[in-house]
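S.K.: As input, take coords_35.txt (compact mmCIF, C-alpha atoms):
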```txt
# COMPACT_ATOMS: atom_id res chain seq x y z
CA MET A 7 -22.20 -23.08 34.22
CA LYS A 8 -19.53 -22.79 36.84
CA HIS A 9 -16.65 -20.84 35.39
CA LEU A 10 -13.33 -22.48 34.76
CA PRO A 11 -10.44 -22.41 37.21
CA LYS A 12 -7.99 -19.70 36.25
CA HIS A 13 -5.28 -21.90 34.79
CA LEU A 14 -7.77 -23.53 32.41
CA ARG A 15 -9.25 -20.33 31.04
CA PRO A 16 -8.10 -19.29 27.58
CA LYS A 17 -5.42 -16.64 27.42
CA TRP A 18 -6.64 -13.67 25.42
CA ARG A 19 -5.00 -10.81 23.65
CA TYR A 20 -6.99 -7.68 22.83
CA VAL A 21 -6.40 -5.95 19.51
CA ALA A 22 -7.20 -2.25 19.21
CA VAL A 23 -8.62 -1.42 15.80
CA ALA A 24 -9.26 2.01 14.29
CA LEU A 25 -11.93 2.43 11.62
CA GLU A 26 -12.31 5.32 9.20
CA THR A 27 -14.96 5.88 6.56
CA ASP A 28 -17.24 8.58 5.14
CA PRO A 29 -18.43 11.10 7.73
CA GLU A 30 -22.15 10.44 7.23
CA VAL A 31 -21.86 6.65 7.57
CA SER A 32 -22.77 5.04 10.86
CA LEU A 33 -21.74 1.49 11.59
CA SER A 34 -22.92 -0.91 14.24
CA ARG A 35 -20.98 -3.43 16.22
CA GLY A 36 -22.97 -6.22 14.60
CA ALA A 37 -22.08 -5.17 11.06
CA PHE A 38 -18.39 -4.95 11.87
CA GLN A 39 -18.47 -8.29 13.68
CA ARG A 40 -20.14 -9.93 10.70
CA GLU A 41 -17.56 -8.58 8.26
CA LEU A 42 -14.70 -9.62 10.51
CA TRP A 43 -15.98 -13.17 10.80
CA TYR A 44 -16.61 -13.33 7.06
CA ALA A 45 -13.10 -12.10 6.38
CA ALA A 46 -11.59 -14.53 8.85
CA GLN A 47 -13.57 -17.46 7.51
CA ASN A 48 -12.69 -16.64 3.90
CA LEU A 49 -9.00 -16.11 4.53
CA LEU A 50 -8.25 -18.56 7.34
CA GLY A 51 -11.03 -21.13 7.14
CA ASP A 52 -13.38 -22.32 9.87
CA ALA A 53 -10.74 -24.15 11.90
CA VAL A 54 -8.28 -21.30 12.29
CA SER A 55 -11.10 -18.74 12.65
CA ALA A 56 -12.42 -20.66 15.63
CA ASP A 57 -8.93 -20.71 17.13
CA ALA A 58 -8.36 -17.03 16.56
CA ASP A 59 -11.76 -16.06 18.06
CA GLY A 60 -12.24 -12.50 16.79
CA THR A 61 -15.09 -11.41 19.05
CA VAL A 62 -15.61 -7.66 19.02
CA VAL A 63 -15.73 -6.85 22.73
CA ARG A 64 -15.80 -3.03 22.55
CA PHE A 65 -17.10 -0.90 19.74
CA GLN A 66 -17.71 2.79 19.34
CA PHE A 67 -18.46 4.67 16.18
CA GLY A 68 -19.58 8.13 15.24
CA ASN A 69 -19.20 10.60 12.37
CA GLY A 70 -17.32 8.10 10.24
CA ASP A 71 -14.64 7.38 12.80
CA GLY A 72 -14.61 4.49 15.18
CA SER A 73 -12.62 2.10 17.21
CA ALA A 74 -13.03 -1.44 18.36
CA VAL A 75 -11.38 -3.91 20.65
CA VAL A 76 -11.21 -7.39 19.17
CA ARG A 77 -10.40 -10.47 21.20
CA ALA A 78 -7.82 -12.93 19.89
CA ARG A 79 -6.57 -16.13 21.42
CA ARG A 80 -2.94 -15.75 22.46
CA GLY A 81 -0.71 -16.93 19.62
CA HIS A 82 -3.30 -16.12 16.96
CA VAL A 83 -2.93 -12.35 16.87
CA GLU A 84 -1.25 -12.48 13.46
CA ASP A 85 -4.13 -14.55 12.06
CA LEU A 86 -6.53 -11.92 13.26
CA ARG A 87 -4.35 -9.10 11.96
CA ALA A 88 -4.48 -10.69 8.51
CA ALA A 89 -8.25 -11.13 8.67
CA LEU A 90 -8.71 -7.51 9.73
CA ALA A 91 -6.61 -6.37 6.78
CA CYS A 92 -8.97 -8.19 4.43
CA ILE A 93 -12.05 -6.23 5.50
CA GLU A 94 -12.71 -3.87 2.62
CA THR A 95 -16.25 -2.74 3.28
CA VAL A 96 -18.69 -2.73 6.20
CA ASP A 97 -22.33 -2.21 5.20
CA ASP A 98 -21.15 -1.25 1.68
CA ALA A 99 -18.96 1.56 2.98
CA THR A 100 -15.24 1.28 2.21
CA VAL A 101 -13.40 1.40 5.51
CA ALA A 102 -9.79 1.86 6.46
CA VAL A 103 -9.08 -0.79 9.10
CA THR A 104 -5.92 -0.16 11.10
CA VAL A 105 -4.52 -2.14 14.00
CA ARG A 106 -3.36 0.35 16.63
CA GLY A 107 -1.89 -2.10 19.10
CA VAL A 108 -2.29 -5.27 21.12
CA SER A 109 -2.72 -5.60 24.89
CA GLY A 110 -3.30 -8.28 27.47
CA THR A 111 -6.40 -6.72 29.01
CA ILE A 112 -9.36 -4.81 27.65
CA ARG A 113 -8.69 -1.93 29.98
CA ALA A 114 -5.05 -1.55 28.98
CA CYS A 115 -6.06 -1.82 25.35
CA GLU A 116 -8.62 0.98 25.69
CA GLU A 117 -6.38 3.22 27.75
CA LYS A 118 -3.38 2.92 25.48
CA PHE A 119 -4.83 2.78 22.01
CA ILE A 120 -8.42 4.01 21.89
CA PRO A 121 -8.71 7.78 21.48
CA ALA A 122 -11.42 9.60 23.42
CA GLY A 123 -14.11 11.17 21.25
CA THR A 124 -14.20 11.87 17.54
CA GLU A 125 -13.72 14.97 15.45
CA ARG A 126 -17.00 16.78 14.86
CA PRO A 127 -17.84 17.07 11.17
CA ASP A 128 -18.53 20.46 9.71
CA ARG A 129 -20.41 21.00 6.44
CA ARG A 130 -19.21 23.84 4.29
CA GLU A 131 -18.24 24.87 0.79
CA VAL A 132 -14.62 24.58 -0.23
CA ALA A 133 -12.58 25.42 -3.30
CA PHE A 134 -11.55 22.16 -4.93
CA ALA A 135 -11.04 20.92 -8.51
CA ASN A 136 -11.73 24.31 -10.12
CA GLY A 137 -14.91 25.24 -8.29
CA ARG A 138 -16.80 25.76 -5.07
CA ARG A 139 -18.01 22.42 -3.82
CA ARG A 140 -19.94 21.01 -0.88
CA ALA A 141 -17.71 19.25 1.59
CA ILE A 142 -17.68 17.69 5.01
CA VAL A 143 -14.65 18.64 7.05
CA ARG A 144 -13.31 16.64 10.00
CA GLY A 145 -10.17 18.27 11.35
CA ASP A 146 -7.58 17.95 8.57
CA ARG A 147 -9.70 15.57 6.54
CA VAL A 148 -12.08 16.80 3.87
CA ALA A 149 -14.62 14.73 1.93
CA VAL A 150 -15.69 16.69 -1.15
CA ASP A 151 -18.61 16.05 -3.51
CA VAL A 152 -17.20 16.39 -7.02
CA ASP A 153 -19.87 15.99 -9.70
CA GLY A 154 -21.68 13.24 -7.84
CA GLU A 155 -18.52 11.44 -6.78
CA ARG A 156 -16.69 11.59 -3.51
CA ALA A 157 -13.13 12.83 -3.36
CA TYR A 158 -11.00 12.64 -0.24
CA ALA A 159 -8.61 15.44 0.44
CA THR A 160 -6.94 17.28 3.30
CA SER A 161 -7.42 20.83 4.48
CA GLU A 162 -4.21 21.75 2.62
CA ASP A 163 -5.76 20.64 -0.69
CA VAL A 164 -8.81 22.92 -0.44
CA GLU A 165 -7.32 26.27 0.57
CA MET B 30 18.16 0.51 5.84
CA THR B 31 15.37 1.78 3.65
CA GLY B 32 11.93 1.80 5.18
CA PHE B 33 8.70 0.53 3.72
CA TYR B 34 7.17 2.18 0.68
CA GLU B 35 3.75 1.75 -0.86
CA ALA B 36 2.44 2.79 -4.27
CA VAL B 37 -1.02 4.31 -4.81
CA HIS B 38 -3.27 5.71 -7.50
CA ALA B 39 -4.22 9.22 -6.36
CA ARG B 40 -6.76 11.64 -7.78
CA PRO B 41 -7.80 11.78 -10.60
CA ASP B 42 -6.84 8.11 -11.03
CA GLY B 43 -8.14 7.24 -7.58
CA GLU B 44 -10.56 8.92 -5.21
CA SER B 45 -8.12 10.43 -2.70
CA THR B 46 -5.65 13.24 -3.23
CA VAL B 47 -1.92 12.59 -3.05
CA ARG B 48 -1.72 14.44 0.22
CA ARG B 49 -4.51 12.39 1.83
CA CYS B 50 -2.89 9.13 0.73
CA VAL B 51 0.50 10.25 1.99
CA GLU B 52 -0.83 11.34 5.37
CA HIS B 53 -2.65 8.05 5.80
CA ALA B 54 0.44 6.07 4.70
CA ALA B 55 2.55 8.01 7.19
CA SER B 56 0.14 7.11 9.99
CA LEU B 57 0.44 3.45 8.99
CA GLY B 58 4.23 3.58 9.34
CA TYR B 59 5.37 3.89 5.74
CA GLU B 60 8.44 5.92 4.98
CA GLY B 61 7.48 6.70 1.44
CA VAL B 62 4.72 6.69 -1.13
CA VAL B 63 5.11 6.26 -4.87
CA VAL B 64 2.35 7.96 -6.84
CA ARG B 65 1.56 5.53 -9.63
CA ASN B 66 -1.19 7.23 -11.59
CA HIS B 67 -1.87 6.01 -15.10
CA GLY B 68 -0.58 8.13 -17.96
CA ASP B 69 -4.09 9.29 -18.89
CA ALA B 70 -4.92 10.42 -15.33
CA ARG B 71 -1.79 12.07 -14.05
CA ALA B 72 -1.73 13.89 -10.74
CA ASP B 73 -0.22 17.32 -11.22
CA VAL B 74 0.96 17.75 -7.67
CA ASP B 75 4.27 19.00 -6.37
CA VAL B 76 5.37 15.80 -4.67
CA ASP B 77 8.33 17.46 -2.94
CA ALA B 78 6.03 20.00 -1.27
CA VAL B 79 3.82 17.19 0.04
CA ALA B 80 6.89 15.27 1.21
CA ASP B 81 8.16 18.33 3.11
CA ALA B 82 4.78 18.98 4.70
CA VAL B 83 4.02 15.42 5.78
CA GLY B 84 7.54 14.28 6.56
CA ILE B 85 7.80 11.09 4.51
CA ASP B 86 9.19 10.53 1.03
CA VAL B 87 6.81 11.10 -1.88
CA VAL B 88 7.88 9.91 -5.30
CA ASP B 89 6.58 10.88 -8.72
CA GLY B 90 5.83 7.69 -10.60
CA LEU B 91 3.77 6.88 -13.64
CA GLU B 92 2.05 3.73 -14.81
CA VAL B 93 2.09 3.42 -18.57
CA ARG B 94 -1.15 1.94 -19.88
CA ALA B 95 -1.22 1.15 -23.58
CA ASN B 96 -3.05 -1.11 -25.99
CA SER B 97 0.01 -2.32 -27.82
CA PRO B 98 3.76 -2.60 -27.26
CA GLU B 99 4.37 -0.02 -30.02
CA GLN B 100 2.20 2.54 -28.29
CA ALA B 101 3.73 1.69 -24.91
CA SER B 102 7.23 2.08 -26.30
CA GLY B 103 6.40 5.65 -27.28
CA TYR B 104 4.98 6.42 -23.83
CA VAL B 105 7.99 4.87 -22.11
CA GLY B 106 10.34 7.04 -24.17
CA ASN B 107 8.26 10.12 -23.34
CA TYR B 108 7.79 9.61 -19.65
CA ARG B 109 11.08 7.96 -18.65
CA PRO B 110 13.04 11.23 -18.32
CA LYS B 111 10.18 12.96 -16.49
CA TYR B 112 9.34 10.49 -13.74
CA THR B 113 11.42 8.82 -11.04
CA VAL B 114 9.58 5.49 -11.17
CA LEU B 115 8.11 4.11 -14.36
CA LEU B 116 5.67 1.22 -14.24
CA VAL B 117 3.99 -0.61 -17.06
CA HIS B 118 0.36 -1.65 -16.67
CA GLY B 119 0.57 -5.41 -17.20
CA GLY B 120 -2.23 -7.89 -17.61
CA THR B 121 -1.94 -9.01 -21.22
CA ASN B 122 0.71 -11.30 -22.59
CA GLU B 123 1.99 -8.73 -25.11
CA MET B 124 2.36 -6.00 -22.52
CA ASN B 125 4.01 -8.33 -19.99
CA ARG B 126 6.45 -9.43 -22.63
CA PHE B 127 7.15 -5.85 -23.66
CA ALA B 128 7.72 -4.64 -20.10
CA VAL B 129 10.15 -7.33 -18.95
CA GLU B 130 12.40 -6.75 -21.96
CA GLN B 131 12.85 -3.01 -21.37
CA ASP B 132 15.76 -1.78 -19.30
CA ARG B 133 13.97 1.56 -19.10
CA VAL B 134 11.00 0.06 -17.25
CA ASP B 135 11.24 -0.18 -13.46
CA VAL B 136 8.17 -2.23 -12.57
CA LEU B 137 5.82 -4.55 -14.39
CA ALA B 138 2.55 -3.91 -12.54
CA HIS B 139 0.06 -6.72 -11.85
CA PRO B 140 1.17 -9.12 -14.64
CA MET B 141 -1.46 -11.72 -13.75
CA ARG B 142 -4.49 -9.44 -13.93
CA GLY B 143 -7.14 -10.20 -16.56
CA ASP B 144 -5.82 -12.47 -19.29
CA GLY B 145 -2.22 -11.86 -18.34
CA ASP B 146 0.11 -14.72 -17.54
CA PHE B 147 3.73 -15.17 -16.59
CA ASN B 148 6.20 -17.89 -17.46
CA HIS B 149 9.84 -18.89 -17.26
CA VAL B 150 10.76 -16.90 -20.38
CA LEU B 151 9.37 -13.68 -18.96
CA ALA B 152 10.90 -14.43 -15.56
CA LYS B 153 14.37 -14.80 -17.06
CA ALA B 154 13.94 -11.65 -19.12
CA ALA B 155 12.76 -9.67 -16.09
CA ALA B 156 15.75 -10.81 -14.06
CA GLU B 157 18.12 -9.98 -16.91
CA HIS B 158 16.71 -6.50 -17.50
CA GLY B 159 16.19 -5.68 -13.83
CA VAL B 160 12.45 -5.16 -14.22
CA ARG B 161 10.67 -5.56 -10.87
CA VAL B 162 7.61 -7.77 -11.01
CA GLU B 163 4.76 -6.62 -8.81
CA PHE B 164 2.94 -8.87 -6.38
CA ASP B 165 -0.44 -7.21 -6.47
CA LEU B 166 -2.30 -7.97 -3.24
CA SER B 167 -5.51 -6.22 -4.29
CA GLY B 168 -7.01 -9.56 -5.32
CA VAL B 169 -6.46 -10.92 -1.82
CA LEU B 170 -7.61 -7.86 0.08
CA ARG B 171 -10.46 -6.63 -2.08
CA ALA B 172 -11.85 -9.53 -4.13
CA THR B 173 -14.16 -12.31 -3.00
CA GLY B 174 -15.20 -15.77 -4.07
CA GLY B 175 -13.87 -17.30 -7.27
CA ARG B 176 -11.98 -14.19 -8.34
CA ARG B 177 -10.09 -14.22 -5.10
CA VAL B 178 -9.24 -17.90 -5.40
CA GLN B 179 -7.92 -17.20 -8.88
CA ALA B 180 -5.88 -14.24 -7.65
CA LEU B 181 -4.34 -16.43 -4.95
CA GLY B 182 -3.48 -19.11 -7.48
CA ASP B 183 -1.90 -16.51 -9.74
CA LEU B 184 0.15 -15.08 -6.90
CA ARG B 185 1.42 -18.53 -6.12
CA LYS B 186 2.47 -19.20 -9.68
CA LEU B 187 4.20 -15.85 -9.91
CA ARG B 188 5.94 -16.41 -6.60
CA GLU B 189 7.31 -19.78 -7.66
CA LEU B 190 8.76 -18.30 -10.84
CA VAL B 191 10.16 -15.28 -9.02
CA GLU B 192 11.83 -17.48 -6.43
CA TYR B 193 13.31 -19.87 -8.96
CA TYR B 194 14.76 -17.25 -11.29
CA ASP B 195 15.57 -14.73 -8.56
CA VAL B 196 13.51 -12.03 -10.21
CA PRO B 197 13.45 -8.66 -8.41
CA TYR B 198 9.97 -7.83 -7.12
CA VAL B 199 7.85 -5.26 -5.34
CA VAL B 200 4.72 -5.68 -3.24
CA SER B 201 1.76 -3.31 -3.35
CA VAL B 202 -1.97 -3.34 -2.68
CA ASP B 203 -2.50 -1.25 -5.84
CA GLY B 204 -4.86 1.02 -3.93
CA THR B 205 -7.14 3.58 -5.56
CA SER B 206 -8.16 5.12 -2.25
CA HIS B 207 -6.31 5.95 0.93
CA ARG B 208 -8.67 3.47 2.59
CA HIS B 209 -7.21 0.63 0.57
CA LEU B 210 -3.83 1.02 2.22
CA ARG B 211 -2.83 -1.42 4.92
CA GLY B 212 0.16 -1.23 7.22
CA PRO B 213 3.36 -3.20 6.61
CA ARG B 214 2.67 -5.56 9.49
CA ALA B 215 -0.84 -6.25 8.27
CA LEU B 216 0.46 -7.02 4.78
CA ALA B 217 3.17 -9.27 6.19
CA ALA B 218 0.50 -11.12 8.21
CA VAL B 219 -1.67 -11.54 5.11
CA GLY B 220 1.36 -12.62 3.08
CA GLU B 221 2.18 -15.29 5.63
CA ARG B 222 -1.32 -16.74 5.41
CA ILE B 223 -1.14 -17.04 1.62
CA GLY B 224 2.28 -18.62 1.30
CA PHE B 225 4.73 -15.74 1.30
CA SER B 226 7.30 -15.41 4.01
CA ARG B 227 7.28 -12.33 6.19
CA GLU B 228 10.64 -11.30 4.78
CA GLN B 229 9.40 -11.58 1.21
CA VAL B 230 6.57 -9.13 1.81
CA GLU B 231 8.81 -6.76 3.75
CA ASP B 232 11.53 -6.92 1.08
CA GLY B 233 8.91 -6.23 -1.57
CA LEU B 234 7.76 -3.11 0.27
CA ARG B 235 11.36 -1.96 0.77
CA GLU B 236 12.24 -2.59 -2.87
CA TRP B 237 10.27 0.51 -3.91
CA GLY B 238 12.64 2.52 -1.75
CA HIS B 239 15.75 0.90 -3.25
CA LEU B 240 14.38 1.56 -6.70
CA VAL B 241 13.73 5.21 -5.91
CA ALA B 242 17.18 5.68 -4.38
CA ARG B 243 18.84 4.10 -7.41
CA ASN B 244 16.88 6.16 -9.92
CA ARG B 245 17.53 9.37 -8.05
CA GLU B 246 21.23 8.63 -7.99
CA VAL B 247 21.34 7.82 -11.67
CA THR B 248 19.54 11.03 -12.61
CA SER B 249 21.59 13.25 -10.30
CA PRO B 250 23.90 15.61 -12.21
CA ASP B 251 27.04 14.19 -10.55
CA TYR B 252 26.44 10.67 -11.77
CA VAL B 253 28.75 9.29 -14.46
CA GLU B 254 28.36 5.52 -14.30
CA PRO B 255 27.90 2.95 -11.52
CA GLY B 256 30.51 3.75 -8.87
CA VAL B 257 31.73 6.87 -10.64
CA ARG B 258 30.65 10.39 -9.83
CA ARG B 259 31.89 13.85 -10.59
CA GLY B 260 33.61 15.89 -7.96
CA ARG B 261 36.39 15.44 -5.45
CA TYR B 262 36.32 12.28 -3.40
CA ARG B 263 37.01 13.99 -0.08
CA ASP B 264 34.12 16.44 -0.59
CA ARG B 265 31.56 13.68 -0.74
CA PRO B 266 29.56 13.10 2.43
CA ASP B 267 28.95 9.43 1.53
CA THR B 268 32.30 8.11 0.38
CA ASP B 269 31.30 4.48 0.21
CA GLY B 270 33.48 3.15 -2.56
CA ASN B 271 32.83 5.88 -5.13
CA ARG B 272 35.86 6.90 -7.11
CA SER B 273 35.97 10.52 -8.16
CA VAL B 274 36.45 11.78 -11.66
CA THR B 275 38.89 14.67 -11.63
CA ASP B 276 38.35 16.12 -15.03
CA GLY B 277 37.02 19.10 -16.86
CA ASP B 278 35.19 21.86 -15.13
CA ASP B 279 37.22 22.79 -12.09
CA SER B 280 40.58 22.80 -13.91
CA GLY B 281 39.07 25.35 -16.25
CA ALA B 282 39.64 23.40 -19.46
```
Could I get this structure in the form of structure tokens?

M.R.:
Amino acid sequence: MKHLPKHLRPKWRYVAVALETDPEVSLSRGAFQRELWYAAQNLLGDAVSADADGTVVRFQFGNGDGSAVVRARRGHVEDLRAALACIETVDDATVAVTVRGVSGTIRACEEKFIPAGTERPDRREVAFANGRRRAIVRGDRVAVDVDGERAYATSEDVE
Amino acid sequence: MTGFYEAVHARPDGESTVRRCVEHAASLGYEGVVVRNHGDARADVDVDAVADAVGIDVVDGLEVRANSPEQASGYVGNYRPKYTVLLVHGGTNEMNRFAVEQDRVDVLAHPMRGDGDFNHVLAKAAAEHGVRVEFDLSGVLRATGGRRVQALGDLRKLRELVEYYDVPYVVSVDGTSHRHLRGPRALAAVGERIGFSREQVEDGLREWGHLVARNREVTSPDYVEPGVRRGRYRDRPDTDGNRSVTDGDDSGA
């Protein structure tokens, strides 16, 4: 269909979102989109969800770290912020969802708030909780296997 | 003005270490973290060392979990002198009742959880004894379906009582992982959708900081009573209305 004249097009805001989960988890755009729409629908209802939009327009993910750009209708950024806060898991992995910032264009949003590249994970043994344990290290962050359970620590905790 | 604080269960009560939680909280914009491990899963971590390393305030707190008020009373007596912030694990009517009637208790945690309930009697008692009631947002952020609807209803009931009787309160997500933490703005946005005002959520997050500041002042060696401290008035860096007590030690008596 012929696209709308400029003054009739919706005004968008683009929300930069950072995601963090276990290093071996890989998430797809589709999974994150589904969880976001679920969260929005459950918290805000169909009517407000439709107003807020919430389309994931950019998504990158690797080694348990990712970022996304989510579209919100102008004036509904706070609705979307609330919905994003209510995402606990994506594909059964607990994720930390953090809003980094809001911009008026996708490009500005990516340039200002989306970091380039992710920290490469490194598997090694560390001293933690009275023993040598297998761990995956990403920069300062350490995920340790403690007797079948995961513990999350920092490099300072495992010296 | 005090910044925002959040309270978390760290290892072994939760899955992340104190340091990991604190670093994540700092990246979210918090100015402090209260460690609120249960009494049977205490984190033996030097909170001051973590605070120095990360650059935000870290507070040693403890959440007393007991089966009966008698047992809890013993724990409260034990732990009160050792911890800066003392919470009581609410969620049953007896424990809620116990907590709000204790001057020694700082926070009644999640009073509406499980079979717990709150009413005007408890609200008045909490206001009288200065016990902060916690608005636990975990049910909004991490529950689904009927349980979430119930949690929202409970929050509403608690909020109405807190507003009417002017009960002091704190807000927390009661996280057991660093990934459960959400930034102050995100919590304010969620709060607004479920009937809180922005200011209420922000005040609730700041209240942890006020509580910590008050408790630290009260336990400092110079403290005598509210408004009265030892030492010479002119030597104090913060001379905001504190009279000095010129007795004893320096006159050599």

S.K.: Just checking: using only C-alpha atoms, which residue out of A:Arg139, A:Arg87, A:Arg113, A:His82 ends up closest to chain B?

M.R.: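 Selected residue with least distance to chain B: A:Arg87.
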
S.K.: Could you list the residues in chain B lying within 6 Å of chain A, using only C-alpha atoms, and format the result as a ChimeraX atom specification?

M.R.: /B:44-46,49,170-171,208,215,218-219

S.K.: Next, write the just-selected residues to a file, as a tab-separated table (two decimals), in the frame of the given file, keeping C-alpha atoms as the atom set.

M.R.:
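The resulting file, out32.tsv, is shown below:
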```tsv
chain	number	residue	atom	x	y	z
B	44	GLU	CA	-10.56	8.92	-5.21
B	45	SER	CA	-8.12	10.43	-2.70
B	46	THR	CA	-5.65	13.24	-3.23
B	49	ARG	CA	-4.51	12.39	1.83
B	170	LEU	CA	-7.61	-7.86	0.08
B	171	ARG	CA	-10.46	-6.63	-2.08
B	208	ARG	CA	-8.67	3.47	2.59
B	215	ALA	CA	-0.84	-6.25	8.27
B	218	ALA	CA	0.50	-11.12	8.21
B	219	VAL	CA	-1.67	-11.54	5.11
```

S.K.: What is the distance, in Å and to one decimal place, between CA of Arg235 in chain B and CA of Val199 in chain B?

M.R.: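 Straight-line distance from CA of Arg235 in chain B to CA of Val199 in chain B works out to 7.8 Å.
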
S.K.: May I ask for the distance between CA of Val87 in chain B and CA of Gly43 in chain B, given in Å to one decimal place?

M.R.: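 If I compute the distance from CA of Val87 in chain B to CA of Gly43 in chain B, I get 16.5 Å.
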